[in-house]
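**Student:** So here's final-v6.cif (mmCIF, C-alpha atoms).
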data_start
#
loop_
_atom_site.label_atom_id
_atom_site.label_comp_id
_atom_site.auth_asym_id
_atom_site.auth_seq_id
_atom_site.Cartn_x
_atom_site.Cartn_y
_atom_site.Cartn_z
CA MET A 110 118.01 74.85 86.71
CA ILE A 111 118.94 72.10 84.26
CA LYS A 112 118.21 68.59 85.44
CA TYR A 113 121.24 66.43 86.20
CA PHE A 114 120.99 62.82 85.04
CA LYS A 115 121.60 60.76 88.14
CA TYR A 116 123.52 57.49 88.13
CA ILE A 117 121.68 54.22 88.66
CA PHE A 118 122.84 51.43 90.91
CA LEU A 119 125.39 49.00 89.54
CA THR A 120 125.41 45.26 90.03
CA PHE A 121 128.95 44.08 90.49
CA THR A 122 130.83 41.08 91.79
CA LEU A 123 134.39 41.12 93.09
CA LEU A 124 136.33 38.21 91.64
CA LEU A 125 138.75 37.35 94.40
CA SER A 126 142.26 36.18 93.65
CA SER A 127 142.85 32.49 94.05
CA ASN A 128 146.43 33.17 95.15
CA SER A 129 148.07 35.01 98.01
CA PHE A 130 148.75 38.75 97.90
CA SER A 131 151.75 39.59 95.73
CA GLN A 132 154.18 42.05 97.29
CA ASN A 133 156.21 42.21 94.09
CA LEU A 134 153.74 44.16 92.00
CA VAL A 135 153.02 47.37 93.93
CA VAL A 136 153.73 50.83 92.51
CA ASP A 137 155.26 53.22 95.07
CA ILE A 138 153.38 56.48 94.52
CA THR A 139 154.98 58.42 97.37
CA GLU A 140 158.18 59.26 95.50
CA GLY A 141 158.62 62.27 93.23
CA THR A 142 159.66 60.35 90.15
CA VAL A 143 158.49 56.80 89.58
CA ALA A 144 159.26 54.67 86.52
CA PRO A 145 155.82 53.87 85.06
CA LEU A 146 154.76 50.24 85.49
CA PRO A 147 154.57 48.44 82.11
CA ILE A 148 151.08 46.98 81.82
CA ALA A 149 149.34 45.19 78.94
CA ILE A 150 145.58 45.63 78.50
CA GLN A 151 144.03 43.26 75.98
CA LYS A 152 141.05 44.02 73.83
CA PHE A 153 137.98 42.70 75.67
CA VAL A 154 136.45 39.59 74.15
CA SER A 155 132.98 40.28 72.76
CA ASP A 156 130.55 39.24 70.07
CA PRO A 157 130.14 41.52 67.01
CA SER A 158 127.15 43.39 68.50
CA SER A 159 129.16 44.23 71.64
CA ASN A 160 132.48 45.00 70.00
CA GLU A 161 132.13 48.80 70.18
CA ILE A 162 131.26 48.73 73.89
CA GLY A 163 134.29 46.56 74.59
CA LEU A 164 136.62 48.87 72.68
CA ASN A 165 135.24 51.95 74.45
CA VAL A 166 135.56 50.41 77.92
CA VAL A 167 139.21 49.48 77.29
CA ARG A 168 139.94 52.95 75.91
CA VAL A 169 138.67 54.65 79.08
CA ILE A 170 140.54 52.24 81.36
CA VAL A 171 143.74 52.94 79.42
CA ASP A 172 143.19 56.72 79.52
CA ASP A 173 142.52 56.66 83.29
CA LEU A 174 145.66 54.68 84.09
CA ILE A 175 147.93 56.65 81.74
CA SER A 176 146.65 59.96 83.18
CA THR A 177 148.22 59.12 86.54
CA GLY A 178 151.73 58.96 85.11
CA LEU A 179 152.20 55.70 87.01
CA PHE A 180 151.50 53.24 84.18
CA ASP A 181 152.95 52.63 80.75
CA VAL A 182 150.37 50.76 78.65
CA ILE A 183 152.18 48.62 76.07
CA ASP A 184 151.09 49.11 72.45
CA THR A 185 148.62 46.41 71.38
CA LYS A 186 150.55 45.94 68.11
CA ALA A 187 153.27 44.19 70.11
CA TYR A 188 150.91 41.64 71.67
CA ILE A 189 151.58 38.00 70.79
CA GLU A 190 148.59 36.39 72.46
CA LYS A 191 145.15 36.98 70.98
CA PRO A 192 142.40 38.33 73.28
CA ILE A 193 141.11 35.66 75.67
CA SER A 194 138.25 35.39 78.14
CA PRO A 195 139.11 36.60 81.66
CA SER A 196 138.22 33.14 82.94
CA ILE A 197 141.09 31.61 80.95
CA ARG A 198 144.59 31.66 82.41
CA PRO A 199 147.00 33.55 80.11
CA VAL A 200 150.20 32.05 78.71
CA PHE A 201 152.54 34.26 80.71
CA SER A 202 155.55 33.47 78.55
CA ASN A 203 153.83 35.49 75.81
CA TRP A 204 153.91 38.64 77.95
CA ASP A 205 157.26 38.51 79.72
CA PRO A 206 159.29 39.31 76.55
CA LEU A 207 157.28 42.53 76.15
CA GLY A 208 158.40 43.71 79.57
CA ALA A 209 154.84 43.59 80.91
CA LYS A 210 154.60 43.34 84.68
CA ALA A 211 150.81 43.25 84.76
CA LEU A 212 148.14 42.09 82.33
CA VAL A 213 144.42 42.86 82.08
CA THR A 214 142.07 40.51 80.23
CA GLY A 215 138.35 41.02 79.90
CA SER A 216 135.04 40.55 78.16
CA ALA A 217 132.06 42.75 77.32
CA SER A 218 128.55 41.86 76.23
CA LEU A 219 125.38 43.80 75.44
CA ASP A 220 121.98 42.09 75.66
CA SER A 221 118.74 42.94 73.88
CA SER A 222 117.44 44.96 76.84
CA GLY A 223 120.39 47.34 76.72
CA ILE A 224 122.26 45.90 79.72
CA ILE A 225 126.01 45.54 79.42
CA GLU A 226 128.08 43.07 81.37
CA VAL A 227 131.78 43.75 81.72
CA GLU A 228 134.22 41.36 83.36
CA PHE A 229 137.96 41.74 83.76
CA ARG A 230 140.92 40.10 85.47
CA LEU A 231 144.23 41.59 86.56
CA TRP A 232 147.24 39.26 86.39
CA ASP A 233 150.78 39.51 87.77
CA VAL A 234 152.97 38.43 84.86
CA VAL A 235 156.08 37.94 87.01
CA THR A 236 154.54 35.66 89.66
CA GLU A 237 151.81 34.35 87.31
CA GLN A 238 149.10 35.15 89.84
CA ASP A 239 145.56 36.39 89.27
CA LEU A 240 145.37 39.46 91.48
CA THR A 241 141.79 40.69 91.31
CA GLY A 242 138.80 41.11 89.03
CA LEU A 243 135.28 42.46 88.75
CA LYS A 244 132.08 41.58 86.96
CA LEU A 245 129.76 44.55 86.46
CA SER A 246 126.28 44.85 84.97
CA VAL A 247 124.55 48.16 84.19
CA ASP A 248 122.46 49.99 81.61
CA SER A 249 124.64 50.59 78.55
CA LYS A 250 124.29 54.38 78.85
CA TYR A 251 126.56 54.15 81.93
CA TRP A 252 129.40 52.30 80.22
CA ARG A 253 131.86 55.08 81.09
CA ARG A 254 131.18 54.62 84.79
CA VAL A 255 131.79 50.87 84.50
CA SER A 256 135.14 51.70 82.88
CA HIS A 257 136.12 54.08 85.70
CA ILE A 258 135.20 51.51 88.36
CA ALA A 259 137.35 48.90 86.61
CA ALA A 260 140.26 51.37 86.41
CA ASP A 261 139.83 52.18 90.11
CA GLU A 262 140.10 48.49 91.03
CA ILE A 263 143.26 48.07 88.93
CA TYR A 264 144.79 51.24 90.39
CA LYS A 265 143.95 50.15 93.93
CA ARG A 266 145.44 46.70 93.51
CA LEU A 267 148.67 47.96 91.92
CA THR A 268 149.29 51.01 94.17
CA GLY A 269 147.70 50.01 97.47
CA GLU A 270 145.72 53.29 97.39
CA GLU A 271 142.04 53.89 96.70
CA GLY A 272 141.28 55.01 93.16
CA TYR A 273 139.66 58.29 92.16
CA PHE A 274 138.38 57.72 88.62
CA ASP A 275 134.71 57.09 89.50
CA THR A 276 134.25 60.69 90.64
CA ARG A 277 132.90 63.97 89.36
CA ILE A 278 134.06 67.59 89.28
CA VAL A 279 131.72 70.51 89.83
CA TYR A 280 133.11 73.88 88.79
CA ILE A 281 132.29 77.38 87.55
CA ALA A 282 131.98 77.61 83.76
CA GLU A 283 132.94 81.11 82.60
CA SER A 284 132.18 82.88 79.32
CA GLY A 285 131.97 86.39 77.91
CA PRO A 286 134.30 89.41 78.25
CA LEU A 287 136.42 89.73 81.38
CA ASN A 288 134.47 92.78 82.58
CA ALA A 289 131.08 91.05 82.17
CA ARG A 290 131.60 87.35 82.88
CA VAL A 291 128.73 84.89 82.78
CA LYS A 292 129.33 82.22 85.41
CA ARG A 293 127.38 78.97 85.49
CA LEU A 294 127.57 75.95 87.73
CA ALA A 295 128.73 72.93 85.72
CA ILE A 296 129.58 69.29 86.36
CA MET A 297 131.56 66.59 84.56
CA ASP A 298 133.32 63.30 85.17
CA GLN A 299 136.85 63.70 86.53
CA ASP A 300 138.27 63.11 83.04
CA GLY A 301 136.23 65.93 81.47
CA HIS A 302 133.49 63.80 79.89
CA ASN A 303 129.71 63.77 80.50
CA HIS A 304 129.71 67.54 80.84
CA GLN A 305 126.52 69.34 81.88
CA TYR A 306 125.49 72.82 83.04
CA LEU A 307 123.53 73.01 86.29
CA THR A 308 122.54 76.70 86.22
CA ASP A 309 121.59 78.89 83.26
CA GLY A 310 123.85 81.89 83.87
CA SER A 311 121.04 84.31 84.75
CA TYR A 312 122.71 84.94 88.13
CA LEU A 313 126.28 84.81 89.40
CA VAL A 314 127.45 81.59 91.08
CA LEU A 315 130.73 81.02 92.93
CA THR A 316 132.84 78.49 94.88
CA PRO A 317 130.95 75.17 94.78
CA ARG A 318 131.74 72.66 97.55
CA PHE A 319 130.99 68.94 97.59
CA SER A 320 129.63 67.20 100.65
CA PRO A 321 132.07 64.46 101.77
CA THR A 322 129.22 62.08 102.60
CA SER A 323 126.80 62.46 99.69
CA GLN A 324 126.37 63.74 96.17
CA GLU A 325 125.38 67.22 97.32
CA VAL A 326 126.93 70.55 96.36
CA ALA A 327 126.78 73.81 98.29
CA TYR A 328 127.43 76.99 96.32
CA LEU A 329 127.18 80.75 96.64
CA ALA A 330 124.77 82.60 94.34
CA TYR A 331 124.17 86.31 94.02
CA PHE A 332 120.42 86.36 93.45
CA GLN A 333 118.98 89.87 93.13
CA LYS A 334 122.39 91.11 94.35
CA GLU A 335 122.08 89.19 97.63
CA PRO A 336 124.56 86.42 98.50
CA ARG A 337 122.59 83.23 99.04
CA VAL A 338 123.82 79.71 99.78
CA TYR A 339 122.10 76.82 98.03
CA VAL A 340 122.54 73.09 98.47
CA LEU A 341 121.88 70.99 95.36
CA ASN A 342 121.28 67.24 95.58
CA LEU A 343 122.67 65.76 92.36
CA GLU A 344 120.74 62.50 92.73
CA THR A 345 117.27 64.02 93.18
CA ASN A 346 117.92 67.40 91.52
CA ARG A 347 116.37 69.02 94.58
CA GLN A 348 117.75 72.44 95.46
CA GLU A 349 117.41 73.94 98.93
CA LEU A 350 118.03 77.53 100.00
CA LEU A 351 120.25 77.36 103.05
CA GLY A 352 120.00 81.05 103.76
CA THR A 353 120.89 84.61 102.79
CA PHE A 354 124.26 85.67 104.18
CA PRO A 355 125.23 89.34 103.71
CA GLY A 356 129.00 89.70 103.82
CA MET A 357 129.72 86.19 102.55
CA THR A 358 132.31 85.94 99.75
CA PHE A 359 132.99 82.17 99.73
CA ALA A 360 130.53 79.30 99.87
CA PRO A 361 130.63 77.33 103.14
CA ARG A 362 132.32 73.94 103.45
CA PHE A 363 130.77 70.81 104.90
CA SER A 364 131.98 69.06 108.02
CA PRO A 365 133.30 65.50 107.46
CA ASP A 366 130.02 63.99 108.70
CA GLY A 367 127.97 66.29 106.46
CA LYS A 368 125.91 67.55 109.43
CA SER A 369 127.38 71.05 109.69
CA ILE A 370 128.89 73.73 107.52
CA ILE A 371 131.68 76.16 108.32
CA MET A 372 131.85 79.63 106.79
CA SER A 373 133.24 83.16 107.06
CA LEU A 374 130.96 86.19 107.39
CA ALA A 375 131.87 89.89 107.21
CA ASP A 376 130.26 92.47 109.48
CA GLN A 377 131.29 96.12 109.85
CA GLY A 378 134.73 95.53 108.33
CA LEU A 379 135.49 92.41 110.37
CA THR A 380 135.33 88.85 109.02
CA ASP A 381 135.01 85.91 111.39
CA ILE A 382 134.39 82.19 111.14
CA PHE A 383 131.11 80.54 112.08
CA ILE A 384 129.74 77.01 112.13
CA MET A 385 126.10 76.08 111.45
CA ASN A 386 124.29 72.88 112.37
CA LEU A 387 122.33 71.96 109.24
CA LEU A 388 119.58 70.21 111.21
CA THR A 389 118.88 72.86 113.84
CA GLN A 390 120.22 75.91 111.89
CA GLU A 391 122.05 76.89 115.10
CA VAL A 392 125.05 79.14 114.39
CA LYS A 393 128.15 79.38 116.59
CA GLN A 394 130.96 81.93 116.19
CA LEU A 395 134.46 80.40 116.29
CA THR A 396 136.78 83.42 115.85
CA ASN A 397 136.49 86.95 117.16
CA SER A 398 139.43 89.15 116.20
CA PRO A 399 139.94 92.62 114.65
CA SER A 400 141.06 91.04 111.38
CA ILE A 401 139.89 89.05 108.38
CA ASP A 402 139.50 85.34 109.17
CA THR A 403 138.28 83.38 106.17
CA SER A 404 138.46 80.19 104.01
CA PRO A 405 137.92 77.65 106.82
CA THR A 406 138.17 73.90 106.14
CA PHE A 407 137.77 70.95 108.51
CA SER A 408 140.36 68.26 109.03
CA PRO A 409 139.05 64.84 107.88
CA ASP A 410 138.41 63.74 111.47
CA GLY A 411 136.44 66.93 112.18
CA GLN A 412 138.61 67.82 115.17
CA LYS A 413 140.46 70.81 113.70
CA VAL A 414 139.97 73.67 111.25
CA VAL A 415 142.51 75.39 109.01
CA PHE A 416 141.84 78.96 107.85
CA ASN A 417 143.67 82.06 106.69
CA SER A 418 143.88 85.35 108.58
CA ASP A 419 145.68 88.69 108.34
CA ARG A 420 145.79 89.11 112.12
CA GLY A 421 149.59 89.00 112.02
CA GLY A 422 149.83 91.76 109.41
CA SER A 423 149.71 89.59 106.29
CA GLN A 424 147.58 86.72 105.00
CA GLN A 425 148.78 83.52 106.71
CA LEU A 426 147.48 80.05 107.58
CA TYR A 427 146.22 79.13 111.04
CA VAL A 428 144.91 75.95 112.65
CA MET A 429 142.45 75.76 115.55
CA ASN A 430 140.31 73.21 117.30
CA ALA A 431 136.81 72.75 115.90
CA ASP A 432 135.37 74.70 118.84
CA GLY A 433 137.57 77.71 118.04
CA SER A 434 140.16 77.13 120.78
CA LYS A 435 143.97 76.95 120.47
CA GLN A 436 144.37 79.09 117.36
CA LYS A 437 147.93 78.74 116.04
CA ARG A 438 149.77 80.09 113.00
CA ILE A 439 151.42 77.42 110.82
CA SER A 440 152.81 79.34 107.77
CA PHE A 441 156.03 81.30 108.27
CA LYS A 442 157.79 81.49 104.91
CA LYS A 443 157.80 84.59 102.69
CA GLY A 444 154.59 85.43 100.87
CA ARG A 445 150.85 85.44 101.52
CA TYR A 446 148.76 82.27 101.90
CA ALA A 447 145.09 81.61 101.14
CA THR A 448 142.40 78.99 100.33
CA PRO A 449 143.73 76.17 102.55
CA VAL A 450 142.13 72.73 102.09
CA TRP A 451 142.86 69.72 104.29
CA SER A 452 143.71 66.46 102.53
CA PRO A 453 141.19 63.60 102.90
CA ARG A 454 144.10 61.57 104.30
CA GLY A 455 144.80 64.21 106.96
CA ASP A 456 148.52 64.31 106.20
CA LEU A 457 148.71 67.53 104.16
CA ILE A 458 147.10 70.93 103.70
CA ALA A 459 146.95 72.39 100.18
CA PHE A 460 146.97 76.16 99.72
CA THR A 461 147.39 79.09 97.35
CA LYS A 462 150.49 81.23 97.85
CA MET A 463 151.32 84.69 96.49
CA HIS A 464 154.95 85.83 96.44
CA GLU A 465 156.80 88.41 94.33
CA GLY A 466 154.00 88.73 91.79
CA GLN A 467 153.62 84.99 91.25
CA PHE A 468 150.88 82.60 92.37
CA TYR A 469 151.58 79.04 93.53
CA ILE A 470 149.73 75.91 94.58
CA GLY A 471 151.52 74.22 97.45
CA VAL A 472 151.18 71.67 100.23
CA MET A 473 152.45 71.52 103.81
CA ARG A 474 151.99 69.29 106.82
CA PRO A 475 149.33 70.32 109.36
CA ASP A 476 152.03 71.71 111.67
CA GLY A 477 153.40 73.90 108.85
CA SER A 478 156.50 71.84 108.13
CA GLY A 479 157.49 70.35 104.79
CA GLU A 480 156.15 73.14 102.58
CA ARG A 481 156.41 72.30 98.84
CA LEU A 482 155.25 74.40 95.88
CA ILE A 483 153.96 72.18 93.08
CA SER A 484 152.46 74.55 90.48
CA LYS A 485 152.78 78.23 89.58
CA GLY A 486 151.42 80.81 87.16
CA PHE A 487 150.09 84.33 86.67
CA LEU A 488 147.04 83.32 88.73
CA VAL A 489 146.80 79.80 90.19
CA GLU A 490 144.12 79.21 92.79
CA ALA A 491 141.45 77.07 94.47
CA PRO A 492 143.04 73.64 95.08
CA THR A 493 140.70 70.70 95.60
CA TRP A 494 141.65 67.13 96.58
CA ALA A 495 140.87 63.84 94.89
CA PRO A 496 139.17 61.58 97.46
CA ASN A 497 142.33 59.48 97.90
CA GLY A 498 144.43 62.54 98.80
CA ARG A 499 147.04 61.90 96.07
CA VAL A 500 145.99 64.34 93.35
CA LEU A 501 145.05 68.02 93.33
CA MET A 502 142.93 70.01 90.88
CA TYR A 503 142.93 73.82 90.59
CA PHE A 504 142.53 76.55 88.02
CA LYS A 505 145.05 78.74 86.19
CA GLN A 506 144.32 82.08 84.59
CA GLU A 507 146.54 83.58 81.92
CA LYS A 508 147.43 87.27 81.90
CA SER A 509 145.23 89.49 79.74
CA ASP A 510 146.58 92.20 77.46
CA SER A 511 146.11 95.98 77.74
CA GLU A 512 142.80 95.73 75.87
CA GLY A 513 141.44 93.12 78.26
CA LYS A 514 141.80 90.28 75.78
CA GLY A 515 143.13 86.87 76.71
CA GLY A 516 143.00 85.85 80.33
CA LYS A 517 141.93 82.29 79.57
CA VAL A 518 140.95 80.28 82.67
CA ARG A 519 141.56 76.51 82.67
CA LEU A 520 141.48 73.54 85.04
CA PHE A 521 144.59 71.48 85.80
CA ARG A 522 145.44 68.56 88.02
CA VAL A 523 148.77 67.39 89.39
CA ASP A 524 150.14 64.65 91.61
CA ILE A 525 151.05 65.87 95.10
CA THR A 526 154.70 65.12 94.29
CA GLY A 527 154.51 67.98 91.78
CA TYR A 528 154.80 65.75 88.72
CA ASN A 529 152.40 64.94 85.89
CA GLU A 530 150.48 68.22 85.62
CA ARG A 531 147.67 67.89 83.05
CA GLU A 532 144.95 70.19 81.73
CA ILE A 533 141.34 69.03 82.02
CA ILE A 534 139.57 70.07 78.83
CA THR A 535 136.26 71.92 79.33
CA PRO A 536 133.84 73.46 76.78
CA SER A 537 134.50 76.98 78.09
CA ASP A 538 136.75 78.72 80.59
CA ALA A 539 136.62 77.04 84.00
CA SER A 540 137.44 77.98 87.60
CA ASP A 541 136.76 76.98 91.22
CA PRO A 542 136.74 73.17 90.86
CA ALA A 543 135.46 70.88 93.60
CA TRP A 544 136.20 67.14 93.54
CA SER A 545 133.46 64.72 94.61
CA PRO A 546 133.85 61.69 96.85
CA LEU A 547 133.68 58.31 95.11
CA ILE A 548 130.21 57.87 93.66
CA PRO A 549 128.21 55.38 95.78
#
Written as structure tokens, that's how I'd like the structure from this file.
**Tutor:**
Amino acid sequence: MIKYFKYIFLTFTLLLSSNSFSQNLVVDITEGTVAPLPIAIQKFVSDPSSNEIGLNVVRVIVDDLISTGLFDVIDTKAYIEKPISPSIRPVFSNWDPLGAKALVTGSASLDSSGIIEVEFRLWDVVTEQDLTGLKLSVDSKYWRRVSHIAADEIYKRLTGEEGYFDTRIVYIAESGPLNARVKRLAIMDQDGHNHQYLTDGSYLVLTPRFSPTSQEVAYLAYFQKEPRVYVLNLETNRQELLGTFPGMTFAPRFSPDGKSIIMSLADQGLTDIFIMNLLTQEVKQLTNSPSIDTSPTFSPDGQKVVFNSDRGGSQQLYVMNADGSKQKRISFKKGRYATPVWSPRGDLIAFTKMHEGQFYIGVMRPDGSGERLISKGFLVEAPTWAPNGRVLMYFKQEKSDSEGKGGKVRLFRVDITGYNEREIITPSDASDPAWSPLIP
């Protein structure tokens, strides 16, 4: 096991707006196509020794906001006003001609002990209001995290939704020929930076799952050809063996309160769904049918479970109460459905669909209505939600040739409207992503 470098606590201060909430400057992110909001982000004021930190922080903020497809950052070459301290009120007439609707000003400093202090302000150019701001202090090695937190605050204030930039992705890093893949557990920031391997590849690992309440990851490992479930705490680097589970093909998922896990287990040709209390290790069976019931996921309130089953003759999605009662099919369109995952908002269920030789990532409402397919490919699978429920990540695999060459596996993310699909660059092939909650 390779040690993961945990994050330290940040000191930050929210700089409240001195004016009332502006209804004019809110990006509507529920529509399929939205004209990006023109926003100006000034170079952060800094002394010569802190100049590089300031430039890097601004670069990450810009990259985060542009990646959403919701913001158009105006080229700095067009700026009239020179960089100013966030404590100084801008001359708004310098920004209106550029079409800017919002403006970010800031400062960055690095002291002799290696602590950086970053401060920024977000301004509404139209109403000339200061909307929000933050002052953050942290060890300089965590400057990227400061940048993501700043971007989250800007995103939240301009969209009305929680941000998702200060998060991590755990996934399976793949290498080697297709018939002898080496699979390692890996982790990175949501934008692909700060990459690190968590296992050494000496044994097969599959399907990592983040706890919704902490920085813990459950994953399935085939150790000495036995399927075992481990839980890894990313803050302490402590790994715990949860148990050996013959017949398990997917790692379990956590309940919303983090106190239980739900899983599917195969026995004598039948696969059913079980729930385990992590404190008492008590196991309760939820389904009991002559079929394959698998891929269970809790609703965010913990009251219901979505899973897929072939009990109706083909792989379809079903919803039941958390105690196993009132099992009901919700998918009825053509094709087979798998890997359902409930949105953190509770309003949608993401899934993988297979139809006429094509794979899709789609979403539907919990009652099965409103199905929309938002990505497709030769093999597209394993959707995972950003913590704000507005973005999905998944992996795509290309088709290999007759000699087994090709077949590249990559991670992508897309807005739930189906727009703005982007590849997340990784050092090697990548599959089975799992998105963390916001880092505490």
**Student:** Can you work out which one of A:Ala211, A:Leu426, A:Ala149, A:Ala217 has the shortest atom-to-atom distance to A:Glu190, counting all atoms listed in the file?
**Tutor:**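 Of A:Ala211, A:Leu426, A:Ala149, A:Ala217, the one nearest A:Glu190, counting all atoms listed in the file, is A:Ala149.
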**Student:** Between A:Tyr188, A:Tyr469, A:Tyr503, A:Phe407, which residue has the minimum interatomic distance to A:Asp541, considering only C-alpha atoms?
**Tutor:**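 Once distances to A:Asp541 are computed over only C-alpha atoms, the minimum belongs to A:Tyr503.
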**Student:** For A:Ala491, which of A:Thr345, A:Lys210, A:Thr448, A:Pro405 is the closest residue, counting only C-alpha atoms?
**Tutor:** A:Thr448
**Student:** Output the residue selection produced by the PyMOL selection byres ((chain A and resi 496-498) around 7) on the file above, formatted as a compact mmCIF listing (two decimals) with C-alpha atoms, keeping the file's coordinate frame.
**Tutor:**
# COMPACT_ATOMS: atom_id res chain seq x y z
CA GLU A 271 142.04 53.89 96.70
CA GLY A 272 141.28 55.01 93.16
CA TYR A 273 139.66 58.29 92.16
CA SER A 452 143.71 66.46 102.53
CA PRO A 453 141.19 63.60 102.90
CA ARG A 454 144.10 61.57 104.30
CA TRP A 494 141.65 67.13 96.58
CA ALA A 495 140.87 63.84 94.89
CA ARG A 499 147.04 61.90 96.07
CA VAL A 500 145.99 64.34 93.35
CA PRO A 546 133.85 61.69 96.85
CA LEU A 547 133.68 58.31 95.11
**Student:** Residues near A:Arg531, anyone? I mean within 12 Å using all atoms listed in the file, not counting same-chain ones fewer than 3 positions away, as an MDAnalysis selection string.
**Tutor:** chainID A and resid 175:178 300:301 484 500:505 519:524 527:528 534
**Student:** On this structure, which residues satisfy the PyMOL selection byres ((chain A and resi 323) around 10), written as a tab-separated table (two decimals) with C-alpha atoms, in the frame of the given file?
**Tutor:**
chain	number	residue	atom	x	y	z
A	319	PHE	CA	130.99	68.94	97.59
A	320	SER	CA	129.63	67.20	100.65
A	321	PRO	CA	132.07	64.46	101.77
A	322	THR	CA	129.22	62.08	102.60
A	324	GLN	CA	126.37	63.74	96.17
A	325	GLU	CA	125.38	67.22	97.32
A	326	VAL	CA	126.93	70.55	96.36
A	342	ASN	CA	121.28	67.24	95.58
A	343	LEU	CA	122.67	65.76	92.36
A	344	GLU	CA	120.74	62.50	92.73
A	366	ASP	CA	130.02	63.99	108.70
A	367	GLY	CA	127.97	66.29	106.46
A	545	SER	CA	133.46	64.72	94.61
A	546	PRO	CA	133.85	61.69	96.85
A	547	LEU	CA	133.68	58.31	95.11
A	548	ILE	CA	130.21	57.87	93.66
A	549	PRO	CA	128.21	55.38	95.78
**Student:** Could you jot down the atom CA of A:Leu374 to atom CA of A:Tyr331 separation for me, Å, one decimal place?
**Tutor:**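 Atom CA of A:Leu374 sits 15.0 Å away from atom CA of A:Tyr331.
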**Student:** Which residues come within 9 Å of stretch 439-443 of chain A, counting all atoms listed in the file, excluding same-chain residues fewer than 6 positions away, as JSON, numbers by chain?
**Tutor:** {"A": [425, 426, 427, 428, 463, 464, 473, 475, 476, 477, 478, 480]}
**Student:** Kindly resolve the PyMOL selection byres ((chain A and resi 309) around 9) on the present coordinates and return the residues as JSON, numbers by chain.
**Tutor:** {"A": [110, 111, 292, 293, 294, 306, 307, 308, 310, 311, 312]}
**Student:** With C-alpha atoms retained, export the selected residues as a tab-separated table (two decimals), in the frame of the given file.
**Tutor:**
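So part36.tsv came out as:
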chain	number	residue	atom	x	y	z
A	110	MET	CA	118.01	74.85	86.71
A	111	ILE	CA	118.94	72.10	84.26
A	292	LYS	CA	129.33	82.22	85.41
A	293	ARG	CA	127.38	78.97	85.49
A	294	LEU	CA	127.57	75.95	87.73
A	306	TYR	CA	125.49	72.82	83.04
A	307	LEU	CA	123.53	73.01	86.29
A	308	THR	CA	122.54	76.70	86.22
A	310	GLY	CA	123.85	81.89	83.87
A	311	SER	CA	121.04	84.31	84.75
A	312	TYR	CA	122.71	84.94	88.13
**Student:** Which one of A:Lys393, A:Arg445, A:Arg481, A:Lys152 sits closest to A:Ala431 if you count all atoms listed in the file?
**Tutor:**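 Nearest to A:Ala431: A:Lys393.
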**Student:** Could you please determine the separation between atom CA of A:Val154 and atom CA of A:Ser216 in Å, to one decimal place?
**Tutor:**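 Spanning atom CA of A:Val154 to atom CA of A:Ser216 is a straight-line distance of 4.4 Å.
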**Student:** May I have the residues within 7 Å of A:Met385 as a list in words, using only C-alpha atoms and disregarding those fewer than 6 positions away in the same chain?
**Tutor:**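 The neighbour list is Ser369, Ile370, Ile371, Glu391, Val392 and Lys393 of chain A.
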**Student:** Wanna dump the stretch 376-403 of chain A-stretch 349-363 of chain A contacts at 12 Å for me, each residue with its shortest atom pair and the distance in Å to one decimal, counting all atoms listed in the file, ordered by chain and number, as CSV?
**Tutor:**
residue,atom,partner,partner_atom,distance
A:Asp376,CA,A:Gly356,CA,6.4
A:Gln377,CA,A:Gly356,CA,9.1
A:Gly378,CA,A:Gly356,CA,9.3
A:Leu379,CA,A:Gly356,CA,9.6
A:Thr380,CA,A:Gly356,CA,8.2
A:Asp381,CA,A:Met357,CA,10.3
A:Ile382,CA,A:Pro361,CA,10.1
A:Phe383,CA,A:Pro361,CA,9.5
A:Ile384,CA,A:Pro361,CA,9.0
A:Met385,CA,A:Pro361,CA,9.5
A:Asn386,CA,A:Phe363,CA,10.1
A:Leu387,CA,A:Leu351,CA,8.5
A:Leu388,CA,A:Leu351,CA,10.9
A:Thr389,CA,A:Leu351,CA,11.8
A:Gln390,CA,A:Leu351,CA,9.0
A:Val392,CA,A:Gly352,CA,11.9
A:Ile401,CA,A:Gly356,CA,11.8
A:Asp402,CA,A:Met357,CA,11.8
A:Thr403,CA,A:Phe359,CA,8.4
**Student:** In Å, how far is it from atom CA of A:Gly411 to atom CA of A:Ser364?
**Tutor:** 6.5 Å
**Student:** Using only C-alpha atoms, pick whichever of A:Thr461, A:Ser246, A:Thr241, A:Ser400 has the shortest atom-to-atom distance to A:Gly421.
**Tutor:**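 Of the candidates, the smallest distance to A:Gly421 is held by A:Ser400.
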**Student:** Extract stretch 174-178 of chain A from the coordinates I pasted, and write it as a PDB file, in the first residue's frame (atoms kept: N, CA and C atoms).
**Tutor:**
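Result file selection12.pdb:
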ATOM      1  N   LEU A 174     -13.859  26.813 -13.548  1.00  0.00           N
ATOM      2  CA  LEU A 174     -15.091  27.456 -14.012  1.00  0.00           C
ATOM      3  C   LEU A 174     -15.349  27.169 -15.496  1.00  0.00           C
ATOM      4  N   ILE A 175     -14.295  27.232 -16.318  1.00  0.00           N
ATOM      5  CA  ILE A 175     -14.475  26.954 -17.745  1.00  0.00           C
ATOM      6  C   ILE A 175     -14.918  25.514 -17.972  1.00  0.00           C
ATOM      7  N   SER A 176     -14.431  24.578 -17.151  1.00  0.00           N
ATOM      8  CA  SER A 176     -14.743  23.161 -17.341  1.00  0.00           C
ATOM      9  C   SER A 176     -16.225  22.859 -17.218  1.00  0.00           C
ATOM     10  N   THR A 177     -16.972  23.736 -16.553  1.00  0.00           N
ATOM     11  CA  THR A 177     -18.410  23.508 -16.382  1.00  0.00           C
ATOM     12  C   THR A 177     -19.201  23.830 -17.642  1.00  0.00           C
ATOM     13  N   GLY A 178     -18.621  24.631 -18.533  1.00  0.00           N
ATOM     14  CA  GLY A 178     -19.351  25.088 -19.709  1.00  0.00           C
ATOM     15  C   GLY A 178     -20.317  26.216 -19.410  1.00  0.00           C
TER      16      GLY A 178
END
